[in-house]
Amino acid sequence: MLPVALDAMGGDHGPGPNLDGAHAAVADGIPVVLVGPPDLDGREAPDGTVLDLIEASEVIGMHDDPAAGVRRKKDSTLVRAAEAVRDGHAGAMISAGNTGATMASALLRMGRIKGVKRPAIATPIPVPGSTPTVMLDAGANAEVQADWLVQFAQMGSIYARHRFDIDNPRVGLLSIGEEATKGDTLRKETHELLAVTPGINFVGNVEGRDIMSDDIDVCVTDGFTGNVVLKTLEGGMKAVIGALLDAFSPEEYKVHADALMPALLPLYSTLSPDTYGGAILLGVDGVCIISHGSSSAEAIRNGIGVARDMIEHEITAEITAAIAATR
């Protein structure tokens, strides 16, 4: 298998977690090539293995303008990672860096799958006791059209099937009510299209409370709404976990906290974004994983694992065929 190209310099914490995650992924049997400066430290693992390096002299920062950064910094780690996929030197790219620049690099260097109106970010939303809900778009397209959302449903269904082993993913359209007549003009037009598009297991409109339930497998919405939903859920889960830890902190509750912790740890793992490794940019002609800026080494390791799985399942080829069949 071709290696996964990792932007070694992306993220809030510098190359440290990226390199640790890369070494862990290599120990899992996944080939990884780093993209970073020629003097990058930490390429050698404890067992003496030295990771290959694609040299890049520039970095697009977290606060840089995405499009301008990609245009000006042609020797940046993000651009070189995307070119490695385009040129067949890597099977996928992954970065915890600037999300907009990651998308721009993938789109401008890999290109868009023929027939895809707009790429979309698909992110797993944890559902305790069940498989995650794949939500898209999570931020790539603030304004959309109805036929774009239909394509999001197609691509999200393919991703959910391979990522979470769901035979016939149930697709819901995020709206303000379950009835087909609820929502704005965009939602009503999209509902009509989804209901008649073959190959999509459309179950109708869903509301925000349904996203973290086992009623659907894929949730389709515009990127503005999706990003607000994502950040709201992240903040809510962080607040709940923080409140639990605060409640357990007094000394008189220590024995109870210790007793409950084995039962709560699996729930924490389910809710932690590190477990899922990041989102995927669907619709570009290659596999592109977008990890959170604060990703830990475990998140990078898991993100590389997702990239490997999508390469093996040939998800890009399957999306290409699905879009061509409905054009």
# chains A, B, ... in the order shown; residues from 1 in each chain; ligands from 1
>>> residues_around(residues="Asn18 (chain A)", least_positions_apart="4", cutoff="10 Å", atoms="only C-alpha atoms", output="NGL selection string")
:A and (6-11 or 13-14 or 22-24 or 34 or 42 or 95-96 or 295-301)
>>> write_last_selection(atoms="C-alpha atoms", output="PDB file, in the first residue's frame")
ATOM      1  CA  LEU A   6       1.336  13.284   7.147  1.00  0.00           C
ATOM      2  CA  ASP A   7       1.711  17.044   7.474  1.00  0.00           C
ATOM      3  CA  ALA A   8       4.315  16.939  10.244  1.00  0.00           C
ATOM      4  CA  MET A   9       3.976  20.632  11.074  1.00  0.00           C
ATOM      5  CA  GLY A  10       0.189  20.915  11.303  1.00  0.00           C
ATOM      6  CA  GLY A  11      -1.737  21.501  14.521  1.00  0.00           C
ATOM      7  CA  HIS A  13       1.172  21.703  19.356  1.00  0.00           C
ATOM      8  CA  GLY A  14       3.826  21.510  16.671  1.00  0.00           C
ATOM      9  CA  ALA A  22       3.119   8.525  12.993  1.00  0.00           C
ATOM     10  CA  HIS A  23       5.466   6.161  14.834  1.00  0.00           C
ATOM     11  CA  ALA A  24       2.485   4.496  16.519  1.00  0.00           C
ATOM     12  CA  LEU A  34       6.255  12.721   6.747  1.00  0.00           C
ATOM     13  CA  GLY A  42      12.089  12.985  15.728  1.00  0.00           C
ATOM     14  CA  SER A  95      -3.220  17.183   8.542  1.00  0.00           C
ATOM     15  CA  ALA A  96      -4.172  18.754  11.870  1.00  0.00           C
ATOM     16  CA  SER A 295      -5.086  16.477  18.047  1.00  0.00           C
ATOM     17  CA  SER A 296      -3.101  14.225  20.349  1.00  0.00           C
ATOM     18  CA  ALA A 297      -0.739  11.508  19.172  1.00  0.00           C
ATOM     19  CA  GLU A 298      -3.595   9.017  19.555  1.00  0.00           C
ATOM     20  CA  ALA A 299      -5.821  11.134  17.316  1.00  0.00           C
ATOM     21  CA  ILE A 300      -3.137  11.263  14.624  1.00  0.00           C
ATOM     22  CA  ARG A 301      -2.599   7.526  14.918  1.00  0.00           C
TER      23      ARG A 301
END
>>> closest_atom_pairs(of="region 67-90 of chain A", to="region 50-63 of chain A", cutoff="9 Å", atoms="only C-alpha atoms", output="Markdown table")
| residue | atom | partner | partner_atom | distance |
| --- | --- | --- | --- | --- |
| A:Gly69 | CA | A:Ile60 | CA | 5.9 |
| A:Val70 | CA | A:Ile60 | CA | 7.5 |
| A:Lys73 | CA | A:Glu58 | CA | 6.4 |
| A:Lys74 | CA | A:Glu58 | CA | 8.0 |
| A:Asp75 | CA | A:Ala56 | CA | 5.4 |
| A:Ser76 | CA | A:Glu58 | CA | 4.1 |
| A:Thr77 | CA | A:Ala56 | CA | 5.3 |
| A:Leu78 | CA | A:Ile60 | CA | 7.4 |
| A:Val79 | CA | A:Ala56 | CA | 8.7 |
| A:Arg80 | CA | A:Ala56 | CA | 6.7 |
| A:Ala81 | CA | A:Ile54 | CA | 8.0 |
| A:Ala84 | CA | A:Ile54 | CA | 8.5 |
>>> atom_distance(atom1="CA of Leu2 (chain A)", atom2="CA of Val306 (chain A)")
14.1 Å
>>> select_by_dssp(residues="region 85-157 of chain A", states="strand (DSSP E)", output="ChimeraX atom specification")
/A:92-95,120-125,133-136
>>> write_last_selection(atoms="N, CA and C atoms", output="short mmCIF file (atom, residue, chain, number, x, y, z; two decimals), in the first residue's frame")
data_model
loop_
_atom_site.label_atom_id
_atom_site.label_comp_id
_atom_site.auth_asym_id
_atom_site.auth_seq_id
_atom_site.Cartn_x
_atom_site.Cartn_y
_atom_site.Cartn_z
N ALA A 92 -2.88 8.78 0.57
CA ALA A 92 -3.78 9.69 1.27
C ALA A 92 -2.94 10.75 1.95
N MET A 93 -3.60 11.85 2.35
CA MET A 93 -2.94 12.88 3.13
C MET A 93 -3.74 13.12 4.40
N ILE A 94 -3.05 13.58 5.45
CA ILE A 94 -3.70 13.90 6.71
C ILE A 94 -3.00 15.11 7.32
N SER A 95 -3.79 16.01 7.89
CA SER A 95 -3.22 17.18 8.54
C SER A 95 -4.11 17.63 9.69
N ALA A 120 -17.32 18.06 0.43
CA ALA A 120 -17.92 18.29 1.74
C ALA A 120 -17.10 17.61 2.83
N ILE A 121 -17.11 18.21 4.01
CA ILE A 121 -16.42 17.62 5.16
C ILE A 121 -17.41 16.72 5.89
N ALA A 122 -17.05 15.45 6.02
CA ALA A 122 -17.87 14.48 6.74
C ALA A 122 -17.19 14.16 8.07
N THR A 123 -17.89 14.40 9.16
CA THR A 123 -17.31 14.16 10.48
C THR A 123 -18.18 13.21 11.29
N PRO A 124 -17.58 12.28 12.01
CA PRO A 124 -18.38 11.36 12.84
C PRO A 124 -18.84 12.05 14.12
N ILE A 125 -20.13 11.95 14.41
CA ILE A 125 -20.69 12.45 15.65
C ILE A 125 -20.95 11.24 16.55
N THR A 133 -22.90 8.91 13.98
CA THR A 133 -23.63 9.50 12.86
C THR A 133 -22.65 10.32 12.03
N VAL A 134 -22.60 10.07 10.74
CA VAL A 134 -21.75 10.84 9.84
C VAL A 134 -22.51 12.10 9.44
N MET A 135 -21.99 13.26 9.82
CA MET A 135 -22.64 14.52 9.47
C MET A 135 -21.83 15.25 8.41
N LEU A 136 -22.50 15.70 7.37
CA LEU A 136 -21.87 16.50 6.34
C LEU A 136 -22.92 17.41 5.70
#
>>> select_by_dssp(residues="region 92-154 of chain A", states="alpha helix (DSSP H)", output="list in words")
Thr99, Gly100, Ala101, Thr102, Met103, Ala104, Ser105, Ala146, Asp147, Trp148, Leu149, Val150, Gln151, Phe152, Ala153 and Gln154 of chain A
>>> write_last_selection(atoms="C-alpha atoms", output="PDB file, in the first residue's frame")
ATOM      1  CA  THR A  99      -8.623  23.365   7.885  1.00  0.00           C
ATOM      2  CA  GLY A 100      -9.341  25.803   5.066  1.00  0.00           C
ATOM      3  CA  ALA A 101      -5.833  25.457   3.681  1.00  0.00           C
ATOM      4  CA  THR A 102      -6.040  21.667   3.900  1.00  0.00           C
ATOM      5  CA  MET A 103      -9.236  21.743   1.854  1.00  0.00           C
ATOM      6  CA  ALA A 104      -7.796  24.224  -0.632  1.00  0.00           C
ATOM      7  CA  SER A 105      -4.606  22.192  -1.067  1.00  0.00           C
ATOM      8  CA  ALA A 146     -30.400  21.133  -3.188  1.00  0.00           C
ATOM      9  CA  ASP A 147     -28.558  18.945  -5.707  1.00  0.00           C
ATOM     10  CA  TRP A 148     -25.331  19.441  -3.743  1.00  0.00           C
ATOM     11  CA  LEU A 149     -27.009  18.064  -0.629  1.00  0.00           C
ATOM     12  CA  VAL A 150     -28.125  15.017  -2.608  1.00  0.00           C
ATOM     13  CA  GLN A 151     -24.516  14.384  -3.552  1.00  0.00           C
ATOM     14  CA  PHE A 152     -23.509  14.843   0.089  1.00  0.00           C
ATOM     15  CA  ALA A 153     -25.996  12.093   0.934  1.00  0.00           C
ATOM     16  CA  GLN A 154     -24.493   9.810  -1.705  1.00  0.00           C
TER      17      GLN A 154
END
>>> closest_residue(among="A:Ser157, A:Val203, A:Pro15, A:Leu107", to="Ile315 (chain A)", atoms="only C-alpha atoms")
A:Ser157
>>> closest_residue(among="A:Val85, A:Asp12, A:Gly29, A:Pro128", to="Ser269 (chain A)", atoms="only C-alpha atoms")
A:Pro128
>>> atom_distance(atom1="CA of Lys117 (chain A)", atom2="CA of Asp217 (chain A)")
22.6 Å
>>> atom_distance(atom1="CA of Gly293 (chain A)", atom2="CA of Pro132 (chain A)")
20.9 Å
>>> residues_around(residues="Tyr159 (chain A)", least_positions_apart="3", cutoff="10 Å", atoms="only C-alpha atoms", output="count of residues only")
21
>>> closest_residue(among="A:Asp215, A:Asp274, A:Thr326, A:Asn302", to="Leu193 (chain A)", atoms="only C-alpha atoms")
A:Thr326
>>> closest_residue(among="A:Asp65, A:Glu44, A:Asp137, A:Asp87", to="Val228 (chain A)", atoms="only C-alpha atoms")
A:Asp137
>>> closest_residue(among="A:Val240, A:Pro119, A:Ile176, A:Gly97", to="Gly278 (chain A)", atoms="only C-alpha atoms")
A:Gly97
>>> residues_around(residues="Asn201 (chain A)", least_positions_apart="3", cutoff="7 Å", atoms="only C-alpha atoms", output="JSON, numbers by chain")
{"A": [168, 169, 170, 171]}
>>> write_last_selection(atoms="N, CA and C atoms", output="compact mmCIF listing (two decimals), in the first residue's frame")
# COMPACT_ATOMS: atom_id res chain seq x y z
N ASN A 168 -26.66 -0.50 4.85
CA ASN A 168 -27.56 0.39 4.11
C ASN A 168 -27.83 1.63 4.96
N PRO A 169 -26.88 2.56 5.00
CA PRO A 169 -26.98 3.70 5.92
C PRO A 169 -28.27 4.50 5.73
N ARG A 170 -28.89 4.84 6.86
CA ARG A 170 -30.11 5.66 6.84
C ARG A 170 -29.71 7.13 6.82
N VAL A 171 -30.26 7.84 5.86
CA VAL A 171 -29.91 9.26 5.65
C VAL A 171 -31.05 10.14 6.12
>>> residues_around(residues="Arg327 (chain A)", least_positions_apart="4", cutoff="9 Å", atoms="only C-alpha atoms", output="NGL selection string")
:A and (115 or 322-323)
>>> closest_residue(among="A:Ala142, A:Leu264, A:Met1, A:Ala180", to="Gly88 (chain A)", atoms="only C-alpha atoms")
A:Met1
